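> Structure file my_file32.pdb (PDB, C-alpha atoms) right here:
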ATOM      1  CA  MET A  10    -117.030 -35.294 170.957
ATOM      2  CA  THR A  11    -117.477 -34.034 167.352
ATOM      3  CA  ALA A  12    -121.030 -32.815 166.772
ATOM      4  CA  GLY A  13    -123.185 -35.161 164.724
ATOM      5  CA  LEU A  14    -120.972 -38.205 165.154
ATOM      6  CA  PRO A  15    -121.550 -41.025 164.947
ATOM      7  CA  MET A  16    -124.085 -40.282 162.224
ATOM      8  CA  THR A  17    -127.269 -42.215 162.877
ATOM      9  CA  VAL A  18    -128.267 -44.700 160.173
ATOM     10  CA  ALA A  19    -130.950 -46.972 161.565
ATOM     11  CA  ASP A  20    -131.430 -50.592 160.535
ATOM     12  CA  PRO A  21    -135.115 -51.586 160.770
ATOM     13  CA  SER A  22    -134.156 -55.247 161.207
ATOM     14  CA  LEU A  23    -132.553 -54.527 164.578
ATOM     15  CA  PRO A  24    -134.130 -53.924 168.013
ATOM     16  CA  THR A  25    -135.039 -50.316 168.781
ATOM     17  CA  ARG A  26    -133.659 -50.484 172.337
ATOM     18  CA  VAL A  27    -130.906 -52.479 174.032
ATOM     19  CA  ARG A  28    -130.357 -52.862 177.758
ATOM     20  CA  ILE A  29    -126.681 -52.807 178.668
ATOM     21  CA  HIS A  30    -125.773 -54.997 181.634
ATOM     22  CA  GLU A  31    -122.706 -53.175 182.953
ATOM     23  CA  VAL A  32    -120.150 -55.547 184.509
ATOM     24  CA  GLY A  33    -117.116 -53.290 184.965
ATOM     25  CA  ALA A  34    -117.426 -52.889 188.721
ATOM     26  CA  ARG A  35    -117.536 -56.650 189.265
ATOM     27  CA  ASP A  36    -116.164 -58.596 186.302
ATOM     28  CA  GLY A  37    -113.818 -55.769 185.414
ATOM     29  CA  LEU A  38    -112.270 -55.102 188.798
ATOM     30  CA  GLN A  39    -112.090 -58.745 189.928
ATOM     31  CA  ASN A  40    -109.232 -59.275 187.488
ATOM     32  CA  GLU A  41    -107.047 -56.448 188.766
ATOM     33  CA  LYS A  42    -103.699 -57.475 190.242
ATOM     34  CA  THR A  43    -104.267 -55.272 193.280
ATOM     35  CA  ALA A  44    -107.423 -54.416 195.172
ATOM     36  CA  VAL A  45    -109.114 -51.128 194.311
ATOM     37  CA  PRO A  46    -110.123 -49.100 197.409
ATOM     38  CA  THR A  47    -113.762 -49.543 198.404
ATOM     39  CA  ALA A  48    -114.475 -45.808 198.154
ATOM     40  CA  VAL A  49    -113.180 -45.773 194.562
ATOM     41  CA  LYS A  50    -115.361 -48.758 193.651
ATOM     42  CA  ALA A  51    -118.422 -47.058 195.129
ATOM     43  CA  GLU A  52    -117.702 -43.862 193.211
ATOM     44  CA  PHE A  53    -117.247 -45.917 190.022
ATOM     45  CA  VAL A  54    -120.702 -47.482 190.481
ATOM     46  CA  ARG A  55    -122.242 -44.067 191.186
ATOM     47  CA  ARG A  56    -120.690 -42.531 188.072
ATOM     48  CA  LEU A  57    -121.811 -45.469 185.910
ATOM     49  CA  ALA A  58    -125.363 -45.031 187.180
ATOM     50  CA  ALA A  59    -125.203 -41.276 186.593
ATOM     51  CA  ALA A  60    -124.106 -41.920 182.994
ATOM     52  CA  GLY A  61    -127.429 -43.638 182.351
ATOM     53  CA  LEU A  62    -126.604 -47.309 182.819
ATOM     54  CA  ASP A  63    -129.679 -48.806 184.473
ATOM     55  CA  THR A  64    -128.041 -52.133 185.388
ATOM     56  CA  VAL A  65    -124.667 -52.084 187.166
ATOM     57  CA  GLU A  66    -123.361 -55.362 188.555
ATOM     58  CA  ALA A  67    -121.940 -54.159 191.838
ATOM     59  CA  THR A  68    -119.811 -56.910 193.381
ATOM     60  CA  SER A  69    -119.484 -60.603 194.175
ATOM     61  CA  PHE A  70    -120.152 -62.504 197.382
ATOM     62  CA  VAL A  71    -117.560 -65.140 196.577
ATOM     63  CA  HIS A  72    -115.189 -66.254 199.338
ATOM     64  CA  PRO A  73    -112.310 -63.723 199.554
ATOM     65  CA  LYS A  74    -109.797 -66.558 199.175
ATOM     66  CA  TRP A  75    -110.925 -67.058 195.567
ATOM     67  CA  VAL A  76    -111.487 -63.456 194.484
ATOM     68  CA  PRO A  77    -109.566 -61.244 196.938
ATOM     69  CA  GLN A  78    -110.164 -58.132 194.831
ATOM     70  CA  LEU A  79    -113.862 -58.254 195.828
ATOM     71  CA  ALA A  80    -113.354 -59.138 199.489
ATOM     72  CA  ASP A  81    -115.019 -55.861 200.502
ATOM     73  CA  ALA A  82    -118.513 -56.764 199.243
ATOM     74  CA  GLU A  83    -120.060 -56.200 202.689
ATOM     75  CA  GLU A  84    -118.510 -52.733 202.890
ATOM     76  CA  LEU A  85    -119.232 -51.742 199.284
ATOM     77  CA  PHE A  86    -122.843 -52.765 198.760
ATOM     78  CA  PRO A  87    -124.363 -50.539 201.483
ATOM     79  CA  LEU A  88    -122.602 -47.554 199.883
ATOM     80  CA  VAL A  89    -124.450 -48.008 196.576
ATOM     81  CA  ARG A  90    -127.620 -50.002 197.289
ATOM     82  CA  ASP A  91    -129.878 -46.931 197.362
ATOM     83  CA  LEU A  92    -128.996 -45.880 193.815
ATOM     84  CA  PRO A  93    -132.050 -45.852 191.491
ATOM     85  CA  VAL A  94    -130.667 -48.610 189.254
ATOM     86  CA  ARG A  95    -130.559 -52.400 189.195
ATOM     87  CA  LEU A  96    -127.575 -53.672 191.228
ATOM     88  CA  PRO A  97    -127.172 -57.423 190.724
ATOM     89  CA  VAL A  98    -124.479 -59.273 192.675
ATOM     90  CA  LEU A  99    -122.772 -62.577 191.961
ATOM     91  CA  VAL A 100    -123.249 -65.376 194.501
ATOM     92  CA  PRO A 101    -121.557 -68.803 194.281
ATOM     93  CA  ASN A 102    -123.713 -70.745 196.733
ATOM     94  CA  GLU A 103    -126.216 -70.463 199.592
ATOM     95  CA  ARG A 104    -123.655 -68.848 201.897
ATOM     96  CA  GLY A 105    -123.102 -66.132 199.320
ATOM     97  CA  LEU A 106    -126.868 -65.739 198.990
ATOM     98  CA  ASP A 107    -127.183 -65.324 202.759
ATOM     99  CA  ARG A 108    -124.615 -62.514 202.682
ATOM    100  CA  ALA A 109    -126.376 -60.790 199.769
ATOM    101  CA  LEU A 110    -129.821 -61.076 201.356
ATOM    102  CA  ALA A 111    -128.541 -59.675 204.647
ATOM    103  CA  LEU A 112    -127.531 -56.496 202.820
ATOM    104  CA  GLY A 113    -130.769 -56.108 200.897
ATOM    105  CA  ALA A 114    -129.699 -57.278 197.434
ATOM    106  CA  ARG A 115    -132.659 -57.644 195.063
ATOM    107  CA  GLU A 116    -130.922 -59.413 192.170
ATOM    108  CA  ILE A 117    -128.322 -62.162 192.093
ATOM    109  CA  ALA A 118    -126.383 -64.112 189.509
ATOM    110  CA  VAL A 119    -124.927 -67.623 189.544
ATOM    111  CA  PHE A 120    -122.000 -68.691 187.403
ATOM    112  CA  ALA A 121    -121.990 -72.042 185.580
ATOM    113  CA  SER A 122    -119.735 -73.566 182.937
ATOM    114  CA  ALA A 123    -120.510 -75.260 179.643
ATOM    115  CA  THR A 124    -117.329 -77.352 179.902
ATOM    116  CA  GLU A 125    -115.977 -79.846 182.399
ATOM    117  CA  SER A 126    -112.466 -78.372 182.359
ATOM    118  CA  PHE A 127    -113.589 -74.887 183.313
ATOM    119  CA  ALA A 128    -116.061 -76.183 185.889
ATOM    120  CA  LYS A 129    -113.157 -78.009 187.501
ATOM    121  CA  ALA A 130    -110.837 -74.978 187.359
ATOM    122  CA  ASN A 131    -113.424 -72.431 188.492
ATOM    123  CA  LEU A 132    -115.656 -74.405 190.863
ATOM    124  CA  ASN A 133    -113.691 -77.600 191.578
ATOM    125  CA  ARG A 134    -116.760 -79.587 190.486
ATOM    126  CA  THR A 135    -118.168 -81.282 187.413
ATOM    127  CA  VAL A 136    -120.729 -79.373 185.341
ATOM    128  CA  ASP A 137    -123.590 -81.362 186.853
ATOM    129  CA  GLU A 138    -122.240 -81.055 190.394
ATOM    130  CA  ALA A 139    -122.075 -77.288 189.947
ATOM    131  CA  LEU A 140    -125.665 -77.183 188.683
ATOM    132  CA  ALA A 141    -126.758 -79.225 191.700
ATOM    133  CA  LEU A 142    -124.967 -76.727 193.949
ATOM    134  CA  PHE A 143    -126.776 -73.785 192.350
ATOM    135  CA  ALA A 144    -130.270 -75.298 192.443
ATOM    136  CA  PRO A 145    -131.098 -74.581 196.120
ATOM    137  CA  THR A 146    -129.495 -71.138 195.854
ATOM    138  CA  VAL A 147    -131.680 -70.241 192.872
ATOM    139  CA  THR A 148    -134.792 -71.708 194.511
ATOM    140  CA  ARG A 149    -134.260 -69.744 197.728
ATOM    141  CA  ALA A 150    -133.561 -66.542 195.825
ATOM    142  CA  ILE A 151    -136.764 -66.883 193.809
ATOM    143  CA  GLU A 152    -138.748 -67.623 196.966
ATOM    144  CA  ALA A 153    -137.300 -64.421 198.455
ATOM    145  CA  GLY A 154    -138.556 -62.452 195.455
ATOM    146  CA  LEU A 155    -135.155 -61.903 193.828
ATOM    147  CA  LYS A 156    -134.414 -61.842 190.123
ATOM    148  CA  VAL A 157    -131.838 -64.477 189.165
ATOM    149  CA  ARG A 158    -129.407 -64.381 186.250
ATOM    150  CA  GLY A 159    -127.497 -67.451 185.122
ATOM    151  CA  TYR A 160    -124.056 -66.896 183.632
ATOM    152  CA  LEU A 161    -122.736 -69.635 181.374
ATOM    153  CA  SER A 162    -119.032 -69.474 180.562
ATOM    154  CA  MET A 163    -117.054 -71.111 177.740
ATOM    155  CA  CYS A 164    -120.031 -71.167 175.363
ATOM    156  CA  PHE A 165    -117.914 -70.760 172.236
ATOM    157  CA  GLY A 166    -114.567 -72.317 173.109
ATOM    158  CA  ASP A 167    -112.466 -73.556 176.008
ATOM    159  CA  PRO A 168    -108.699 -73.062 176.554
ATOM    160  CA  TRP A 169    -108.255 -76.708 177.545
ATOM    161  CA  GLU A 170    -110.888 -78.468 175.435
ATOM    162  CA  GLY A 171    -110.919 -76.306 172.308
ATOM    163  CA  ALA A 172    -114.198 -76.283 170.401
ATOM    164  CA  VAL A 173    -117.330 -76.712 172.521
ATOM    165  CA  PRO A 174    -120.223 -78.591 170.851
ATOM    166  CA  ILE A 175    -123.326 -76.440 170.522
ATOM    167  CA  GLU A 176    -125.527 -79.196 171.943
ATOM    168  CA  GLN A 177    -123.378 -79.204 175.090
ATOM    169  CA  VAL A 178    -124.010 -75.484 175.601
ATOM    170  CA  VAL A 179    -127.716 -75.948 174.925
ATOM    171  CA  ARG A 180    -127.957 -78.684 177.568
ATOM    172  CA  VAL A 181    -126.458 -76.564 180.344
ATOM    173  CA  THR A 182    -128.351 -73.423 179.310
ATOM    174  CA  LYS A 183    -131.635 -75.342 179.421
ATOM    175  CA  ALA A 184    -130.745 -76.656 182.873
ATOM    176  CA  LEU A 185    -130.259 -73.092 184.146
ATOM    177  CA  ALA A 186    -133.514 -72.016 182.517
ATOM    178  CA  GLU A 187    -135.439 -74.909 184.058
ATOM    179  CA  MET A 188    -133.853 -74.130 187.423
ATOM    180  CA  GLY A 189    -135.629 -70.783 187.286
ATOM    181  CA  CYS A 190    -133.045 -68.260 186.074
ATOM    182  CA  ASP A 191    -134.853 -65.250 184.605
ATOM    183  CA  GLU A 192    -131.983 -64.380 182.293
ATOM    184  CA  LEU A 193    -129.245 -66.485 180.704
ATOM    185  CA  SER A 194    -125.970 -64.776 179.801
ATOM    186  CA  LEU A 195    -123.948 -66.655 177.172
ATOM    187  CA  GLY A 196    -120.265 -66.026 177.781
ATOM    188  CA  ASP A 197    -117.502 -66.079 175.182
ATOM    189  CA  THR A 198    -114.988 -66.268 178.014
ATOM    190  CA  ILE A 199    -111.847 -66.454 175.866
ATOM    191  CA  GLY A 200    -113.134 -64.325 172.997
ATOM    192  CA  VAL A 201    -113.046 -66.921 170.210
ATOM    193  CA  ALA A 202    -116.616 -66.648 168.887
ATOM    194  CA  THR A 203    -117.438 -65.541 165.354
ATOM    195  CA  PRO A 204    -120.802 -64.257 164.057
ATOM    196  CA  GLY A 205    -121.884 -67.489 162.366
ATOM    197  CA  HIS A 206    -121.217 -69.430 165.561
ATOM    198  CA  VAL A 207    -123.271 -66.909 167.545
ATOM    199  CA  GLN A 208    -126.195 -67.252 165.148
ATOM    200  CA  ALA A 209    -125.993 -71.067 165.217
ATOM    201  CA  LEU A 210    -126.025 -71.234 169.021
ATOM    202  CA  LEU A 211    -128.926 -68.803 169.360
ATOM    203  CA  THR A 212    -130.920 -70.761 166.772
ATOM    204  CA  ALA A 213    -130.192 -74.049 168.545
ATOM    205  CA  LEU A 214    -131.327 -72.574 171.869
ATOM    206  CA  ASN A 215    -134.587 -71.380 170.326
ATOM    207  CA  GLU A 216    -135.175 -74.821 168.817
ATOM    208  CA  ALA A 217    -134.613 -76.324 172.284
ATOM    209  CA  GLY A 218    -137.289 -74.090 173.781
ATOM    210  CA  VAL A 219    -135.151 -71.251 175.190
ATOM    211  CA  PRO A 220    -136.654 -67.971 173.937
ATOM    212  CA  THR A 221    -134.426 -65.147 172.749
ATOM    213  CA  SER A 222    -136.140 -62.835 175.258
ATOM    214  CA  ARG A 223    -134.361 -64.673 178.112
ATOM    215  CA  ILE A 224    -130.917 -64.549 176.498
ATOM    216  CA  ALA A 225    -128.105 -62.038 177.041
ATOM    217  CA  VAL A 226    -124.676 -62.120 175.407
ATOM    218  CA  HIS A 227    -121.287 -61.539 177.018
ATOM    219  CA  PHE A 228    -118.390 -61.207 174.577
ATOM    220  CA  HIS A 229    -114.678 -60.740 175.110
ATOM    221  CA  ASP A 230    -112.574 -58.970 172.505
ATOM    222  CA  THR A 231    -109.516 -61.243 172.400
ATOM    223  CA  TYR A 232    -109.605 -61.523 168.583
ATOM    224  CA  GLY A 233    -111.390 -58.234 167.930
ATOM    225  CA  GLN A 234    -114.725 -59.961 167.316
ATOM    226  CA  ALA A 235    -116.861 -58.662 170.195
ATOM    227  CA  LEU A 236    -118.786 -55.997 168.262
ATOM    228  CA  SER A 237    -119.365 -58.176 165.200
ATOM    229  CA  ASN A 238    -120.627 -60.954 167.457
ATOM    230  CA  THR A 239    -122.889 -58.494 169.266
ATOM    231  CA  LEU A 240    -124.346 -57.336 165.959
ATOM    232  CA  ALA A 241    -125.055 -60.959 165.011
ATOM    233  CA  ALA A 242    -126.901 -61.415 168.316
ATOM    234  CA  LEU A 243    -128.895 -58.202 167.773
ATOM    235  CA  ARG A 244    -129.935 -59.410 164.311
ATOM    236  CA  HIS A 245    -131.274 -62.528 166.015
ATOM    237  CA  GLY A 246    -133.335 -60.376 168.375
ATOM    238  CA  VAL A 247    -131.193 -60.309 171.527
ATOM    239  CA  THR A 248    -131.777 -57.068 173.451
ATOM    240  CA  THR A 249    -129.506 -57.485 176.515
ATOM    241  CA  VAL A 250    -125.768 -57.103 176.063
ATOM    242  CA  ASP A 251    -123.105 -57.351 178.770
ATOM    243  CA  ALA A 252    -120.264 -54.851 178.581
ATOM    244  CA  SER A 253    -117.574 -53.385 180.813
ATOM    245  CA  ALA A 254    -116.817 -49.685 181.119
ATOM    246  CA  GLY A 255    -113.425 -48.967 179.627
ATOM    247  CA  GLY A 256    -113.055 -52.606 178.506
ATOM    248  CA  LEU A 257    -111.938 -53.664 181.975
ATOM    249  CA  GLY A 258    -111.692 -57.280 182.974
ATOM    250  CA  GLY A 259    -111.052 -60.788 181.896
ATOM    251  CA  CYS A 260    -111.308 -63.993 183.838
ATOM    252  CA  PRO A 261    -108.951 -64.941 186.685
ATOM    253  CA  TYR A 262    -109.343 -68.655 185.871
ATOM    254  CA  ALA A 263    -108.808 -68.418 182.091
ATOM    255  CA  LYS A 264    -105.410 -66.914 181.332
ATOM    256  CA  SER A 265    -106.213 -66.342 177.638
ATOM    257  CA  ALA A 266    -109.268 -64.236 178.489
ATOM    258  CA  THR A 267    -108.560 -60.600 177.736
ATOM    259  CA  GLY A 268    -110.849 -57.659 178.278
ATOM    260  CA  ASN A 269    -114.597 -57.575 178.012
ATOM    261  CA  LEU A 270    -116.374 -55.694 175.276
ATOM    262  CA  ALA A 271    -115.937 -52.022 176.192
ATOM    263  CA  THR A 272    -119.239 -50.341 177.020
ATOM    264  CA  GLU A 273    -118.197 -47.167 175.168
ATOM    265  CA  ASP A 274    -117.425 -49.107 171.974
ATOM    266  CA  LEU A 275    -120.824 -50.786 172.226
ATOM    267  CA  VAL A 276    -122.644 -47.487 172.813
ATOM    268  CA  TRP A 277    -120.865 -45.845 169.871
ATOM    269  CA  MET A 278    -122.090 -48.637 167.574
ATOM    270  CA  LEU A 279    -125.628 -48.618 169.006
ATOM    271  CA  ASP A 280    -125.837 -44.811 168.776
ATOM    272  CA  GLY A 281    -124.848 -45.044 165.119
ATOM    273  CA  LEU A 282    -127.571 -47.621 164.522
ATOM    274  CA  GLY A 283    -130.177 -45.442 166.202
ATOM    275  CA  ILE A 284    -130.691 -47.993 168.978
ATOM    276  CA  GLU A 285    -131.670 -46.473 172.313
ATOM    277  CA  THR A 286    -129.655 -47.321 175.434
ATOM    278  CA  GLY A 287    -130.282 -44.360 177.729
ATOM    279  CA  VAL A 288    -126.509 -43.961 178.128
ATOM    280  CA  ASP A 289    -124.724 -40.613 177.871
ATOM    281  CA  LEU A 290    -121.580 -41.535 175.953
ATOM    282  CA  ALA A 291    -119.649 -38.424 177.018
ATOM    283  CA  ALA A 292    -120.382 -39.063 180.709
ATOM    284  CA  LEU A 293    -119.523 -42.732 180.363
ATOM    285  CA  THR A 294    -116.244 -41.950 178.595
ATOM    286  CA  ALA A 295    -115.313 -39.489 181.340
ATOM    287  CA  THR A 296    -116.075 -42.148 183.957
ATOM    288  CA  SER A 297    -113.871 -44.728 182.270
ATOM    289  CA  GLY A 298    -111.103 -42.179 181.839
ATOM    290  CA  TRP A 299    -111.334 -41.405 185.551
ATOM    291  CA  MET A 300    -111.208 -45.125 186.420
ATOM    292  CA  ALA A 301    -108.184 -45.622 184.184
ATOM    293  CA  GLU A 302    -106.430 -42.882 186.165
ATOM    294  CA  GLN A 303    -107.265 -44.679 189.423
ATOM    295  CA  LEU A 304    -105.751 -47.872 187.990
ATOM    296  CA  GLY A 305    -102.700 -46.039 186.661
ATOM    297  CA  ARG A 306    -102.949 -47.117 183.031
ATOM    298  CA  PRO A 307    -104.700 -46.117 179.786
ATOM    299  CA  SER A 308    -108.155 -47.488 179.025
ATOM    300  CA  PRO A 309    -108.162 -50.312 176.452
ATOM    301  CA  SER A 310    -111.440 -48.979 175.000
ATOM    302  CA  ARG A 311    -110.916 -47.621 171.489
ATOM    303  CA  THR A 312    -113.752 -45.128 171.927
ATOM    304  CA  VAL A 313    -112.372 -43.829 175.227
ATOM    305  CA  ARG A 314    -108.954 -43.355 173.600
ATOM    306  CA  ALA A 315    -110.401 -41.664 170.508
ATOM    307  CA  LEU A 316    -112.661 -39.264 172.388
ATOM    308  CA  SER A 317    -110.036 -38.467 175.021
ATOM    309  CA  HIS A 318    -107.512 -37.681 172.272
ATOM    310  CA  LYS A 319    -109.954 -35.316 170.557
ATOM    311  CA  GLU A 320    -110.488 -33.462 173.799
TER     312      GLU A 320
END
Starting from the file, lay out its structure as structure tokens.


Amino acid sequence: MTAGLPMTVADPSLPTRVRIHEVGARDGLQNEKTAVPTAVKAEFVRRLAAAGLDTVEATSFVHPKWVPQLADAEELFPLVRDLPVRLPVLVPNERGLDRALALGAREIAVFASATESFAKANLNRTVDEALALFAPTVTRAIEAGLKVRGYLSMCFGDPWEGAVPIEQVVRVTKALAEMGCDELSLGDTIGVATPGHVQALLTALNEAGVPTSRIAVHFHDTYGQALSNTLAALRHGVTTVDASAGGLGGCPYAKSATGNLATEDLVWMLDGLGIETGVDLAALTATSGWMAEQLGRPSPSRTVRALSHKE
């Protein structure tokens, strides 16, 4: 990496620190055509933690029939659970919660949809039926002392329905908040959001009583808008951003969903803005380069490609 770059030019209107919620090991690898060996996944999580990421979403306790790439959750989690970082896991229902609790998970996430079409495709339920399914899972998790994150997909557009009304997203987000989710991750699942839309949704959520402090953002880079949308969210006061090392991932139920925002691209921007993340960009880039080798293809992250080329 060239010394002194990126040059730091701070913006006093932005947060001074951002927590990156790393999703590469779960959201990234679940979209691979073939299963990655468990030992490689565990090493990936370890390297991400060593690079300074304090939240690494480890795996998913979804039925293997639906996400076969993560069928080894029971084998993987014990290999990484003693790392000194937060290791949330995705659970779809109470059975998934039981599996996570049995292995000592301390944080879970549930996955809802803002649209009926995606709820049907992803969960085979209506939006309200899915929320009803999650309610006892969230309640039990809270009673067990776990932190609970609520993912909300299709917040900015849907491949079947097109534009998604902001009030529709607000309604489902509020339902997750009232259910007890500590954090609410707004997903641009097919990557169609633009900065003005991001600002409008965040404002509407605040007006509906959902504070910015409980909101995270999860952007995909389908149209090259992920960083500009992230910056819009930061200007609004959001301080938790989801990203995937090396830009891995998409969504197995939304064919137009391309890769997540690459963690390296996010860190490069935040470093340039003087925003603390605790992440060592060189170590993270090396980790994503290593993972790309395991997958047998180049990393889609622009920063990984640029820094690897320089070296």

> Running the PyMOL selection byres ((chain A and resi 20) around 10) on this model by hand, what would come out? Give it as a PyMOL selection string.

chain A and resi 17-19+21-25+244+281-284

> Please, what is the axis-aligned box for every listed atom of range 186-205 of chain A with 8 Å on each side, as centre and edge lengths in Å to one decimal, as lines of an AutoDock Vina configuration file?


center_x = -123.7
center_y = -69.6
center_z = 174.9
size_x = 39.8
size_y = 26.7
size_z = 41.1

> Report the residues retrieved by the PyMOL selection byres ((chain A and resi 203) around 12) from the displayed file, expressed as a PyMOL selection string.

chain A and resi 164-166+197+199-202+204-210+228-242

> Give the answer as one residue: which of A:Gln303, A:Ser310, A:Asn40, A:Leu96 has the shortest atom-to-atom distance to Ala252 in chain A, using all atoms listed in the file?

A:Ser310

> Taking into account only C-alpha atoms, which residue in the set A:Pro174, A:Pro97, A:Gly196, A:Pro309 is nearest to Glu116 in chain A?

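Smallest distance to Glu116 in chain A is found for A:Pro97.
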
> Would you pick out the contacts of Leu257 in chain A at 10 Å or less, using all atoms listed in the file, so that residues sharing its chain but fewer than 3 positions from it are not included, and give the list as a ChimeraX atom specification?

/A:32-41,252-254,267-272,297,300-301,308-310

> For Phe143 in chain A, work out the shell of residues within 10 Å, counting only C-alpha atoms and skipping chain neighbours fewer than 5 positions away, then give it as a ChimeraX atom specification.

/A:100-103,119-121,137-138,148,159,185,188

> Which one is closest to Leu275 in chain A: A:Ile117, A:Leu106, A:Met16, A:Ile29? Count all atoms listed in the file.

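Using all atoms listed in the file, Leu275 in chain A sits closest to A:Ile29.
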
> Would you kindly translate the PyMOL selection byres ((chain A and resi 84) around 12) into the concrete residues it picks from this file, as a compact mmCIF listing (two decimals) with C-alpha atoms, in the coordinates of the input?


# COMPACT_ATOMS: atom_id res chain seq x y z
CA PRO A 46 -110.12 -49.10 197.41
CA THR A 47 -113.76 -49.54 198.40
CA ALA A 48 -114.48 -45.81 198.15
CA LYS A 50 -115.36 -48.76 193.65
CA ALA A 51 -118.42 -47.06 195.13
CA ALA A 67 -121.94 -54.16 191.84
CA THR A 68 -119.81 -56.91 193.38
CA SER A 69 -119.48 -60.60 194.18
CA PHE A 70 -120.15 -62.50 197.38
CA LEU A 79 -113.86 -58.25 195.83
CA ALA A 80 -113.35 -59.14 199.49
CA ASP A 81 -115.02 -55.86 200.50
CA ALA A 82 -118.51 -56.76 199.24
CA GLU A 83 -120.06 -56.20 202.69
CA LEU A 85 -119.23 -51.74 199.28
CA PHE A 86 -122.84 -52.76 198.76
CA PRO A 87 -124.36 -50.54 201.48
CA LEU A 88 -122.60 -47.55 199.88
CA VAL A 89 -124.45 -48.01 196.58
CA ARG A 90 -127.62 -50.00 197.29
CA ARG A 108 -124.62 -62.51 202.68
CA ALA A 109 -126.38 -60.79 199.77
CA LEU A 112 -127.53 -56.50 202.82
